[in-house]
$ cat coords_36.cif   # mmCIF, C-alpha atoms
data_input
#
loop_
_atom_site.group_PDB
_atom_site.id
_atom_site.type_symbol
_atom_site.label_atom_id
_atom_site.label_comp_id
_atom_site.auth_asym_id
_atom_site.auth_seq_id
_atom_site.Cartn_x
_atom_site.Cartn_y
_atom_site.Cartn_z
ATOM 1 C CA MET A 2 97.377 71.437 95.680
ATOM 2 C CA SER A 3 93.970 71.068 97.319
ATOM 3 C CA ASN A 4 93.455 72.369 100.840
ATOM 4 C CA SER A 5 90.197 70.491 101.338
ATOM 5 C CA GLN A 6 89.811 68.154 104.312
ATOM 6 C CA PRO A 7 87.108 66.623 106.518
ATOM 7 C CA GLN A 8 84.831 69.202 108.150
ATOM 8 C CA GLY A 9 85.676 70.052 111.760
ATOM 9 C CA GLN A 10 89.333 69.052 111.490
ATOM 10 C CA GLN A 11 92.230 71.499 111.582
ATOM 11 C CA PRO A 12 94.984 70.958 109.010
ATOM 12 C CA LEU A 13 98.201 69.696 110.486
ATOM 13 C CA PRO A 14 101.210 72.030 110.289
ATOM 14 C CA SER A 15 103.265 71.028 107.288
ATOM 15 C CA SER A 16 106.636 69.396 107.914
ATOM 16 C CA VAL A 17 107.759 70.132 104.351
ATOM 17 C CA LEU A 18 110.105 73.046 103.726
ATOM 18 C CA ALA A 19 109.114 75.530 101.059
ATOM 19 C CA ARG A 20 111.328 75.824 98.007
ATOM 20 C CA VAL A 21 113.841 78.646 98.467
ATOM 21 C CA ARG A 22 114.560 80.921 95.524
ATOM 22 C CA THR A 23 117.890 82.584 94.763
ATOM 23 C CA ILE A 24 117.590 86.358 94.424
ATOM 24 C CA ASP A 25 119.729 89.174 93.054
ATOM 25 C CA LEU A 26 121.787 91.313 95.407
ATOM 26 C CA ALA A 27 119.674 94.390 94.621
ATOM 27 C CA GLN A 28 116.360 92.655 95.333
ATOM 28 C CA PRO A 29 116.010 94.157 98.862
ATOM 29 C CA LEU A 30 115.814 97.584 97.245
ATOM 30 C CA GLN A 31 112.948 96.321 95.105
ATOM 31 C CA TRP A 32 111.154 95.197 98.274
ATOM 32 C CA LEU A 33 111.337 98.730 99.603
ATOM 33 C CA ARG A 34 110.063 100.126 96.307
ATOM 34 C CA ARG A 35 107.084 97.751 96.366
ATOM 35 C CA ALA A 36 106.555 98.534 100.038
ATOM 36 C CA TRP A 37 106.224 102.206 99.173
ATOM 37 C CA HIS A 38 103.611 101.293 96.560
ATOM 38 C CA ASP A 39 101.657 99.341 99.195
ATOM 39 C CA PHE A 40 101.981 102.231 101.630
ATOM 40 C CA THR A 41 100.470 104.680 99.144
ATOM 41 C CA ARG A 42 97.503 102.339 98.645
ATOM 42 C CA CYS A 43 96.685 102.014 102.344
ATOM 43 C CA ALA A 44 98.527 104.991 103.795
ATOM 44 C CA GLY A 45 96.138 105.679 106.654
ATOM 45 C CA ILE A 46 96.156 102.175 108.129
ATOM 46 C CA SER A 47 99.869 101.680 107.463
ATOM 47 C CA ALA A 48 100.816 104.990 109.052
ATOM 48 C CA PHE A 49 98.622 104.088 112.041
ATOM 49 C CA HIS A 50 101.008 101.196 112.756
ATOM 50 C CA GLY A 51 103.954 103.590 112.623
ATOM 51 C CA VAL A 52 102.245 106.092 114.930
ATOM 52 C CA VAL A 53 101.506 103.371 117.490
ATOM 53 C CA MET A 54 105.126 102.207 117.412
ATOM 54 C CA ALA A 55 106.468 105.760 117.689
ATOM 55 C CA LEU A 56 104.200 106.549 120.637
ATOM 56 C CA THR A 57 105.179 103.293 122.328
ATOM 57 C CA GLY A 58 108.847 104.139 121.847
ATOM 58 C CA ALA A 59 108.306 107.633 123.247
ATOM 59 C CA LEU A 60 106.586 106.194 126.309
ATOM 60 C CA MET A 61 109.479 103.793 126.893
ATOM 61 C CA LEU A 62 112.036 106.594 126.606
ATOM 62 C CA LEU A 63 110.003 108.705 129.014
ATOM 63 C CA LEU A 64 109.891 105.866 131.533
ATOM 64 C CA ALA A 65 113.580 105.076 131.037
ATOM 65 C CA HIS A 66 114.769 108.680 131.463
ATOM 66 C CA ASP A 67 118.239 108.137 132.961
ATOM 67 C CA ARG A 68 117.846 104.373 133.454
ATOM 68 C CA PHE A 69 120.314 103.308 130.804
ATOM 69 C CA TRP A 70 119.680 99.568 130.820
ATOM 70 C CA PHE A 71 115.944 100.019 130.589
ATOM 71 C CA MET A 72 116.527 102.235 127.559
ATOM 72 C CA ALA A 73 118.896 99.689 126.018
ATOM 73 C CA GLY A 74 116.345 96.973 126.671
ATOM 74 C CA ALA A 75 113.589 98.999 125.040
ATOM 75 C CA PHE A 76 115.671 99.530 121.888
ATOM 76 C CA SER A 77 116.775 95.887 121.707
ATOM 77 C CA GLY A 78 113.247 94.712 122.368
ATOM 78 C CA PHE A 79 111.926 96.897 119.571
ATOM 79 C CA LEU A 80 114.349 95.406 117.045
ATOM 80 C CA LEU A 81 113.554 91.828 118.078
ATOM 81 C CA VAL A 82 109.794 92.031 118.589
ATOM 82 C CA ALA A 83 109.044 94.436 115.711
ATOM 83 C CA PRO A 84 108.623 91.567 113.181
ATOM 84 C CA ILE A 85 105.716 90.223 115.260
ATOM 85 C CA LEU A 86 104.227 93.687 115.763
ATOM 86 C CA ALA A 87 104.211 94.161 111.981
ATOM 87 C CA THR A 88 102.080 91.046 111.378
ATOM 88 C CA SER A 89 99.015 93.056 110.334
ATOM 89 C CA LEU A 90 101.164 94.965 107.833
ATOM 90 C CA TYR A 91 102.006 91.636 106.205
ATOM 91 C CA ALA A 92 98.290 90.858 106.143
ATOM 92 C CA LEU A 93 97.577 94.203 104.445
ATOM 93 C CA SER A 94 100.183 93.536 101.748
ATOM 94 C CA ARG A 95 98.749 90.072 101.226
ATOM 95 C CA ALA A 96 95.263 91.542 100.813
ATOM 96 C CA LEU A 97 96.567 94.084 98.285
ATOM 97 C CA GLU A 98 98.267 91.256 96.409
ATOM 98 C CA ARG A 99 94.993 89.334 96.291
ATOM 99 C CA GLY A 100 92.952 92.372 95.287
ATOM 100 C CA GLU A 101 90.905 92.224 98.478
ATOM 101 C CA PRO A 102 89.309 95.282 100.159
ATOM 102 C CA ILE A 103 91.630 97.131 102.562
ATOM 103 C CA GLY A 104 90.410 98.279 105.952
ATOM 104 C CA MET A 105 90.741 97.984 109.713
ATOM 105 C CA ALA A 106 88.853 94.696 109.484
ATOM 106 C CA ILE A 107 92.080 93.063 108.285
ATOM 107 C CA VAL A 108 93.991 94.412 111.287
ATOM 108 C CA LEU A 109 91.294 93.280 113.733
ATOM 109 C CA LYS A 110 91.139 89.845 112.153
ATOM 110 C CA THR A 111 94.907 89.456 112.260
ATOM 111 C CA TRP A 112 95.278 90.382 115.923
ATOM 112 C CA LEU A 113 91.950 89.479 117.525
ATOM 113 C CA ASN A 114 90.279 87.154 115.011
ATOM 114 C CA TRP A 115 87.395 89.615 114.837
ATOM 115 C CA GLN A 116 85.114 88.446 112.038
ATOM 116 C CA ASP A 117 81.459 89.019 111.164
ATOM 117 C CA GLY A 118 80.995 91.381 114.106
ATOM 118 C CA GLN A 119 82.287 89.035 116.804
ATOM 119 C CA PHE A 120 85.446 87.643 118.348
ATOM 120 C CA LYS A 121 86.076 84.090 117.225
ATOM 121 C CA SER A 122 88.271 81.584 119.011
ATOM 122 C CA TRP A 123 91.922 81.568 118.051
ATOM 123 C CA GLY A 124 93.148 78.789 115.839
ATOM 124 C CA ASN A 125 96.559 77.139 115.922
ATOM 125 C CA GLY A 126 97.935 79.809 113.590
ATOM 126 C CA HIS A 127 97.225 82.617 116.046
ATOM 127 C CA TRP A 128 98.741 80.672 118.931
ATOM 128 C CA ARG A 129 101.885 79.858 116.948
ATOM 129 C CA LEU A 130 102.400 83.561 116.215
ATOM 130 C CA LEU A 131 101.931 84.387 119.899
ATOM 131 C CA GLN A 132 104.369 81.659 120.947
ATOM 132 C CA PHE A 133 106.979 82.920 118.506
ATOM 133 C CA GLY A 134 106.514 86.465 119.809
ATOM 134 C CA VAL A 135 107.181 85.225 123.345
ATOM 135 C CA LEU A 136 110.358 83.508 122.124
ATOM 136 C CA LEU A 137 111.565 86.760 120.554
ATOM 137 C CA ALA A 138 110.805 88.696 123.737
ATOM 138 C CA ALA A 139 112.790 86.127 125.720
ATOM 139 C CA ALA A 140 115.719 86.492 123.322
ATOM 140 C CA GLY A 141 115.649 90.266 123.758
ATOM 141 C CA THR A 142 115.602 89.923 127.537
ATOM 142 C CA ALA A 143 118.541 87.513 127.420
ATOM 143 C CA TRP A 144 120.562 89.955 125.318
ATOM 144 C CA VAL A 145 119.950 92.848 127.710
ATOM 145 C CA LEU A 146 120.879 90.724 130.740
ATOM 146 C CA LEU A 147 124.065 89.417 129.097
ATOM 147 C CA SER A 148 124.979 92.887 127.901
ATOM 148 C CA ALA A 149 124.416 94.407 131.346
ATOM 149 C CA ALA A 150 126.452 91.655 133.003
ATOM 150 C CA LEU A 151 129.358 92.150 130.581
ATOM 151 C CA ILE A 152 129.466 95.920 131.061
ATOM 152 C CA THR A 153 128.973 95.689 134.824
ATOM 153 C CA VAL A 154 131.865 93.259 135.251
ATOM 154 C CA LEU A 155 134.350 94.873 132.849
ATOM 155 C CA ALA A 156 133.572 98.600 132.867
ATOM 156 C CA PRO A 157 135.929 100.717 134.995
ATOM 157 C CA VAL A 158 132.972 102.558 136.599
ATOM 158 C CA THR A 159 129.310 101.811 137.211
ATOM 159 C CA ILE A 160 127.285 102.521 134.065
ATOM 160 C CA THR A 161 123.973 104.156 134.928
ATOM 161 C CA SER A 162 123.280 106.543 132.036
ATOM 162 C CA PRO A 163 123.834 106.882 128.285
ATOM 163 C CA LYS A 164 126.524 109.478 129.040
ATOM 164 C CA ASP A 165 128.428 106.956 131.206
ATOM 165 C CA PHE A 166 128.173 104.326 128.476
ATOM 166 C CA ILE A 167 129.525 106.649 125.779
ATOM 167 C CA GLU A 168 132.299 108.030 127.943
ATOM 168 C CA HIS A 169 133.549 104.866 129.647
ATOM 169 C CA VAL A 170 132.687 102.187 127.066
ATOM 170 C CA VAL A 171 132.362 103.651 123.563
ATOM 171 C CA LEU A 172 135.142 106.265 123.912
ATOM 172 C CA ALA A 173 137.332 104.407 126.398
ATOM 173 C CA ARG A 174 141.006 104.829 125.560
ATOM 174 C CA GLN A 175 142.091 101.554 127.123
ATOM 175 C CA GLY A 176 140.854 98.043 126.619
ATOM 176 C CA PHE A 177 138.491 96.604 124.055
ATOM 177 C CA LEU A 178 135.230 96.538 126.005
ATOM 178 C CA PHE A 179 133.192 98.270 123.305
ATOM 179 C CA GLU A 180 134.526 95.947 120.614
ATOM 180 C CA LEU A 181 133.752 92.944 122.832
ATOM 181 C CA TRP A 182 130.252 94.293 123.455
ATOM 182 C CA LEU A 183 129.651 94.697 119.705
ATOM 183 C CA ALA A 184 130.995 91.211 119.018
ATOM 184 C CA LEU A 185 128.677 89.717 121.623
ATOM 185 C CA GLY A 186 125.753 91.566 120.074
ATOM 186 C CA GLY A 187 126.659 90.273 116.631
ATOM 187 C CA VAL A 188 126.914 86.696 117.870
ATOM 188 C CA LEU A 189 123.427 86.935 119.361
ATOM 189 C CA VAL A 190 121.702 89.055 116.711
ATOM 190 C CA ALA A 191 122.864 87.129 113.629
ATOM 191 C CA PRO A 192 121.087 83.843 114.502
ATOM 192 C CA ILE A 193 117.975 85.748 115.590
ATOM 193 C CA PHE A 194 117.855 87.546 112.245
ATOM 194 C CA ALA A 195 118.360 84.241 110.424
ATOM 195 C CA SER A 196 115.520 82.735 112.454
ATOM 196 C CA THR A 197 113.039 85.524 111.743
ATOM 197 C CA VAL A 198 113.701 86.901 108.261
ATOM 198 C CA ILE A 199 110.617 85.236 106.712
ATOM 199 C CA THR A 200 109.269 83.234 109.657
ATOM 200 C CA ILE A 201 106.325 85.414 110.639
ATOM 201 C CA PRO A 202 104.925 86.015 107.130
ATOM 202 C CA LEU A 203 105.197 82.260 106.589
ATOM 203 C CA LEU A 204 103.338 81.528 109.849
ATOM 204 C CA LEU A 205 100.691 84.071 108.870
ATOM 205 C CA ASP A 206 100.202 82.665 105.387
ATOM 206 C CA ARG A 207 100.655 78.911 105.680
ATOM 207 C CA GLN A 208 99.895 75.984 107.965
ATOM 208 C CA VAL A 209 103.406 75.258 109.209
ATOM 209 C CA SER A 210 104.924 74.674 112.626
ATOM 210 C CA ILE A 211 107.288 77.157 114.261
ATOM 211 C CA ARG A 212 110.133 74.668 113.850
ATOM 212 C CA VAL A 213 109.553 74.358 110.105
ATOM 213 C CA ALA A 214 109.148 78.126 109.665
ATOM 214 C CA VAL A 215 112.419 78.838 111.484
ATOM 215 C CA ALA A 216 114.257 76.119 109.550
ATOM 216 C CA THR A 217 112.969 77.615 106.304
ATOM 217 C CA SER A 218 114.141 81.072 107.377
ATOM 218 C CA TRP A 219 117.635 79.715 108.014
ATOM 219 C CA GLN A 220 117.626 78.059 104.606
ATOM 220 C CA VAL A 221 116.741 81.391 102.997
ATOM 221 C CA VAL A 222 119.764 83.039 104.619
ATOM 222 C CA LEU A 223 122.106 80.181 103.702
ATOM 223 C CA VAL A 224 121.012 80.263 100.056
ATOM 224 C CA ASN A 225 121.215 84.085 99.801
ATOM 225 C CA PRO A 226 123.811 85.161 102.389
ATOM 226 C CA ILE A 227 124.955 88.413 100.743
ATOM 227 C CA ALA A 228 121.493 89.647 99.806
ATOM 228 C CA MET A 229 120.226 88.809 103.306
ATOM 229 C CA ALA A 230 123.168 90.634 104.866
ATOM 230 C CA LEU A 231 122.227 93.695 102.786
ATOM 231 C CA TRP A 232 118.606 93.355 103.865
ATOM 232 C CA GLY A 233 119.633 93.138 107.517
ATOM 233 C CA ALA A 234 121.826 96.222 107.116
ATOM 234 C CA LEU A 235 118.955 98.148 105.508
ATOM 235 C CA ILE A 236 116.625 97.198 108.351
ATOM 236 C CA MET A 237 119.162 98.369 110.915
ATOM 237 C CA LEU A 238 119.915 101.597 109.026
ATOM 238 C CA LEU A 239 116.262 102.557 108.557
ATOM 239 C CA THR A 240 115.462 101.720 112.173
ATOM 240 C CA LEU A 241 118.337 103.856 113.418
ATOM 241 C CA MET A 242 117.115 106.694 111.195
ATOM 242 C CA GLY A 243 113.682 106.303 112.735
ATOM 243 C CA PHE A 244 115.111 106.638 116.231
ATOM 244 C CA ALA A 245 117.487 109.440 115.236
ATOM 245 C CA THR A 246 114.540 111.603 114.141
ATOM 246 C CA VAL A 247 113.170 111.595 117.703
ATOM 247 C CA LEU A 248 111.046 108.576 116.737
ATOM 248 C CA LEU A 249 109.056 110.565 114.149
ATOM 249 C CA GLY A 250 110.698 108.626 111.338
ATOM 250 C CA LEU A 251 109.164 105.408 112.677
ATOM 251 C CA VAL A 252 105.800 106.572 111.368
ATOM 252 C CA LEU A 253 107.151 105.818 107.884
ATOM 253 C CA VAL A 254 109.916 103.299 108.635
ATOM 254 C CA VAL A 255 107.694 100.768 110.414
ATOM 255 C CA PRO A 256 105.140 100.451 107.578
ATOM 256 C CA LEU A 257 107.839 100.359 104.913
ATOM 257 C CA LEU A 258 109.756 97.551 106.603
ATOM 258 C CA GLY A 259 106.543 95.661 107.340
ATOM 259 C CA HIS A 260 105.280 95.768 103.760
ATOM 260 C CA ALA A 261 108.779 95.081 102.411
ATOM 261 C CA SER A 262 109.085 91.985 104.597
ATOM 262 C CA TRP A 263 105.980 90.544 102.980
ATOM 263 C CA HIS A 264 107.477 91.057 99.524
ATOM 264 C CA ALA A 265 110.730 89.502 100.741
ATOM 265 C CA TYR A 266 108.773 86.421 101.807
ATOM 266 C CA ARG A 267 106.993 86.189 98.462
ATOM 267 C CA ASP A 268 110.204 86.548 96.443
ATOM 268 C CA LEU A 269 112.301 84.207 98.562
ATOM 269 C CA LEU A 270 109.903 81.286 98.887
ATOM 270 C CA ASP A 271 107.726 79.147 96.662
ATOM 271 C CA VAL A 272 105.029 78.039 99.108
ATOM 272 C CA SER A 273 102.654 76.547 96.558
ATOM 273 C CA ALA A 274 103.188 73.063 98.009
ATOM 274 C CA LEU A 275 102.240 74.151 101.542
ATOM 275 C CA PRO A 276 98.650 74.231 102.831
ATOM 276 C CA GLY A 277 97.213 77.716 103.255
ATOM 277 C CA ARG A 278 96.378 78.885 106.748
ATOM 278 C CA GLU A 279 93.051 80.278 105.666
ATOM 279 C CA GLN A 280 90.811 77.479 104.448
ATOM 280 C CA ARG A 281 88.431 78.834 101.823
#
$ encode --input "coords_36.cif" --output "structure tokens"
Amino acid sequence: MSNSQPQGQQPLPSSVLARVRTIDLAQPLQWLRRAWHDFTRCAGISAFHGVVMALTGALMLLLAHDRFWFMAGAFSGFLLVAPILATSLYALSRALERGEPIGMAIVLKTWLNWQDGQFKSWGNGHWRLLQFGVLLAAAGTAWVLLSAALITVLAPVTITSPKDFIEHVVLARQGFLFELWLALGGVLVAPIFASTVITIPLLLDRQVSIRVAVATSWQVVLVNPIAMALWGALIMLLTLMGFATVLLGLVLVVPLLGHASWHAYRDLLDVSALPGREQR
């Protein structure tokens, strides 16, 4: 399919959904294997992303200290906004796939549209990624507010620290507050995961609207529900491991999940009918 068009005109976001492929249950493990291969080929730049995320997490924990809801918000926000923050990792995997040179130039182009020694004006693709990031941040804020309201209303004491939460919510002998809290989280997180599983790589790679990208992401989950559930569980498990290692594990976890998400996008979708974002 030709991407040519009159000079000076921006291609319109496609309203056509990409063709969704059916994958094997074990395919998410293959994404991690390929992600490791990508990591070894651009370890310095990939690890830089992980270091930035780990340092950001450490700063948030330092600021939160004994402010439990700020800490909860920081963790929730990380899980929800991380797909956007990993955008340049997707770009690195795409460059490796294309056999293009790897360097910080790719990162600068992805985030700042720095090309040929100067900042160039953002196109629609950059603005769509920013808009989707704002939507994810809003979803994270809504979850923290709902969670805080639920615990504040139903907890037997005022929850102000992680110790209070564990003692009076997680280990409470009466009531089902913790189970209700988990159920509420599941109700909110599941649609967010379905809306983001391949959305950002698709927005990075192709000229599509946010609405079409999100609809395509939902279609991916509906076609491969079990494999996507496994992928979501792996993301959660690896992220928890990253936090459990005093954030040091994020130096590796963040790049792995970022590169793996690009391979998930490539395996799950046939985008050959969609116009490329980069007009060559």
$ resolve_selection --input "coords_36.cif" --expression "the PyMOL selection byres ((chain A and resi 37-51) around 8)" --output "list in words"
Leu33, Arg34, Arg35, Ala36, Val52, Val53, Met54, Ala55, Ala87, Leu90, Ser94, Leu97, Ile103, Gly104, Met105, Leu251, Val252, Leu253, Val254, Val255, Pro256, Leu257 and His260 of chain A
$ write_last_selection --input "coords_36.cif" --atoms "C-alpha atoms" --output "PDB file, in the coordinates of the input"
ATOM      1  CA  LEU A  33     111.337  98.730  99.603  1.00  0.00           C
ATOM      2  CA  ARG A  34     110.063 100.126  96.307  1.00  0.00           C
ATOM      3  CA  ARG A  35     107.084  97.751  96.366  1.00  0.00           C
ATOM      4  CA  ALA A  36     106.555  98.534 100.038  1.00  0.00           C
ATOM      5  CA  VAL A  52     102.245 106.092 114.930  1.00  0.00           C
ATOM      6  CA  VAL A  53     101.506 103.371 117.490  1.00  0.00           C
ATOM      7  CA  MET A  54     105.126 102.207 117.412  1.00  0.00           C
ATOM      8  CA  ALA A  55     106.468 105.760 117.689  1.00  0.00           C
ATOM      9  CA  ALA A  87     104.211  94.161 111.981  1.00  0.00           C
ATOM     10  CA  LEU A  90     101.164  94.965 107.833  1.00  0.00           C
ATOM     11  CA  SER A  94     100.183  93.536 101.748  1.00  0.00           C
ATOM     12  CA  LEU A  97      96.567  94.084  98.285  1.00  0.00           C
ATOM     13  CA  ILE A 103      91.630  97.131 102.562  1.00  0.00           C
ATOM     14  CA  GLY A 104      90.410  98.279 105.952  1.00  0.00           C
ATOM     15  CA  MET A 105      90.741  97.984 109.713  1.00  0.00           C
ATOM     16  CA  LEU A 251     109.164 105.408 112.677  1.00  0.00           C
ATOM     17  CA  VAL A 252     105.800 106.572 111.368  1.00  0.00           C
ATOM     18  CA  LEU A 253     107.151 105.818 107.884  1.00  0.00           C
ATOM     19  CA  VAL A 254     109.916 103.299 108.635  1.00  0.00           C
ATOM     20  CA  VAL A 255     107.694 100.768 110.414  1.00  0.00           C
ATOM     21  CA  PRO A 256     105.140 100.451 107.578  1.00  0.00           C
ATOM     22  CA  LEU A 257     107.839 100.359 104.913  1.00  0.00           C
ATOM     23  CA  HIS A 260     105.280  95.768 103.760  1.00  0.00           C
TER      24      HIS A 260
END
$ residues_around --input "coords_36.cif" --residues "A:Leu113" --least-positions-apart "4" --cutoff "10 Å" --atoms "all atoms listed in the file" --output "list in words"
Ile107, Val108, Leu109, Gln119, Phe120, Lys121, Ser122, Trp123 and His127 of chain A
$ atom_distance --input "coords_36.cif" --atom1 "atom CA of A:Arg207" --atom2 "atom CA of A:Val272"
7.9 Å
$ resolve_selection --input "coords_36.cif" --expression "the PyMOL selection byres ((chain A and resi 194) around 12)" --output "short mmCIF file (atom, residue, chain, number, x, y, z; two decimals) with C-alpha atoms, in the coordinates of the input"
data_model
loop_
_atom_site.label_atom_id
_atom_site.label_comp_id
_atom_site.auth_asym_id
_atom_site.auth_seq_id
_atom_site.Cartn_x
_atom_site.Cartn_y
_atom_site.Cartn_z
CA LEU A 80 114.35 95.41 117.04
CA LEU A 81 113.55 91.83 118.08
CA VAL A 82 109.79 92.03 118.59
CA ALA A 83 109.04 94.44 115.71
CA PRO A 84 108.62 91.57 113.18
CA LEU A 137 111.56 86.76 120.55
CA ALA A 140 115.72 86.49 123.32
CA GLY A 186 125.75 91.57 120.07
CA GLY A 187 126.66 90.27 116.63
CA VAL A 188 126.91 86.70 117.87
CA LEU A 189 123.43 86.94 119.36
CA VAL A 190 121.70 89.06 116.71
CA ALA A 191 122.86 87.13 113.63
CA PRO A 192 121.09 83.84 114.50
CA ILE A 193 117.98 85.75 115.59
CA ALA A 195 118.36 84.24 110.42
CA SER A 196 115.52 82.74 112.45
CA THR A 197 113.04 85.52 111.74
CA VAL A 198 113.70 86.90 108.26
CA ILE A 199 110.62 85.24 106.71
CA THR A 200 109.27 83.23 109.66
CA ILE A 201 106.32 85.41 110.64
CA VAL A 215 112.42 78.84 111.48
CA SER A 218 114.14 81.07 107.38
CA TRP A 219 117.64 79.72 108.01
CA VAL A 221 116.74 81.39 103.00
CA VAL A 222 119.76 83.04 104.62
CA PRO A 226 123.81 85.16 102.39
CA MET A 229 120.23 88.81 103.31
CA ALA A 230 123.17 90.63 104.87
CA TRP A 232 118.61 93.36 103.86
CA GLY A 233 119.63 93.14 107.52
CA ALA A 234 121.83 96.22 107.12
CA ILE A 236 116.62 97.20 108.35
CA MET A 237 119.16 98.37 110.92
#
$ atom_distance --input "coords_36.cif" --atom1 "atom CA of A:Ala156" --atom2 "atom CA of A:Leu241"
25.3 Å
$ residues_near_point --input "coords_36.cif" --point "(96.5, 85.1, 119.1)" --cutoff "12 Å" --atoms "all atoms listed in the file" --output "PDB file with C-alpha atoms, keeping the file's coordinate frame"
ATOM      1  CA  ILE A  85     105.716  90.223 115.260  1.00  0.00           C
ATOM      2  CA  THR A  88     102.080  91.046 111.378  1.00  0.00           C
ATOM      3  CA  LEU A 109      91.294  93.280 113.733  1.00  0.00           C
ATOM      4  CA  LYS A 110      91.139  89.845 112.153  1.00  0.00           C
ATOM      5  CA  THR A 111      94.907  89.456 112.260  1.00  0.00           C
ATOM      6  CA  TRP A 112      95.278  90.382 115.923  1.00  0.00           C
ATOM      7  CA  LEU A 113      91.950  89.479 117.525  1.00  0.00           C
ATOM      8  CA  ASN A 114      90.279  87.154 115.011  1.00  0.00           C
ATOM      9  CA  TRP A 115      87.395  89.615 114.837  1.00  0.00           C
ATOM     10  CA  PHE A 120      85.446  87.643 118.348  1.00  0.00           C
ATOM     11  CA  LYS A 121      86.076  84.090 117.225  1.00  0.00           C
ATOM     12  CA  SER A 122      88.271  81.584 119.011  1.00  0.00           C
ATOM     13  CA  TRP A 123      91.922  81.568 118.051  1.00  0.00           C
ATOM     14  CA  GLY A 124      93.148  78.789 115.839  1.00  0.00           C
ATOM     15  CA  ASN A 125      96.559  77.139 115.922  1.00  0.00           C
ATOM     16  CA  GLY A 126      97.935  79.809 113.590  1.00  0.00           C
ATOM     17  CA  HIS A 127      97.225  82.617 116.046  1.00  0.00           C
ATOM     18  CA  TRP A 128      98.741  80.672 118.931  1.00  0.00           C
ATOM     19  CA  ARG A 129     101.885  79.858 116.948  1.00  0.00           C
ATOM     20  CA  LEU A 130     102.400  83.561 116.215  1.00  0.00           C
ATOM     21  CA  LEU A 131     101.931  84.387 119.899  1.00  0.00           C
ATOM     22  CA  GLN A 132     104.369  81.659 120.947  1.00  0.00           C
ATOM     23  CA  PHE A 133     106.979  82.920 118.506  1.00  0.00           C
ATOM     24  CA  GLY A 134     106.514  86.465 119.809  1.00  0.00           C
ATOM     25  CA  VAL A 135     107.181  85.225 123.345  1.00  0.00           C
ATOM     26  CA  LEU A 205     100.691  84.071 108.870  1.00  0.00           C
TER      27      LEU A 205
END
$ atom_distance --input "coords_36.cif" --atom1 "atom CA of A:Gln28" --atom2 "atom CA of A:Ala265"
8.4 Å
$ residues_around --input "coords_36.cif" --residues "A:Val247" --least-positions-apart "5" --cutoff "10 Å" --atoms "all atoms listed in the file" --output "list in words"
Ala55, Gly58, Ala59 and Met242 of chain A
$ axis_aligned_box --input "coords_36.cif" --around "stretch 149-158 of chain A" --padding-each-side "5 Å" --output "lines of an AutoDock Vina configuration file"
center_x = 130.2
center_y = 97.1
center_z = 133.6
size_x = 21.5
size_y = 20.9
size_z = 16.0
$ residues_around --input "coords_36.cif" --residues "A:Trp144" --least-positions-apart "2" --cutoff "9 Å" --atoms "only C-alpha atoms" --output "tab-separated table (two decimals) with C-alpha atoms, in the coordinates of the input"
chain	number	residue	atom	x	y	z
A	74	GLY	CA	116.34	96.97	126.67
A	77	SER	CA	116.78	95.89	121.71
A	139	ALA	CA	112.79	86.13	125.72
A	140	ALA	CA	115.72	86.49	123.32
A	141	GLY	CA	115.65	90.27	123.76
A	142	THR	CA	115.60	89.92	127.54
A	146	LEU	CA	120.88	90.72	130.74
A	147	LEU	CA	124.06	89.42	129.10
A	148	SER	CA	124.98	92.89	127.90
A	149	ALA	CA	124.42	94.41	131.35
A	185	LEU	CA	128.68	89.72	121.62
A	186	GLY	CA	125.75	91.57	120.07
A	189	LEU	CA	123.43	86.94	119.36
A	190	VAL	CA	121.70	89.06	116.71
$ residues_near_point --input "coords_36.cif" --point "(110.0, 73.4, 88.5)" --cutoff "12 Å" --atoms "all atoms listed in the file" --output "VMD selection string"
chain A and resid 20 to 22 271 273 to 274
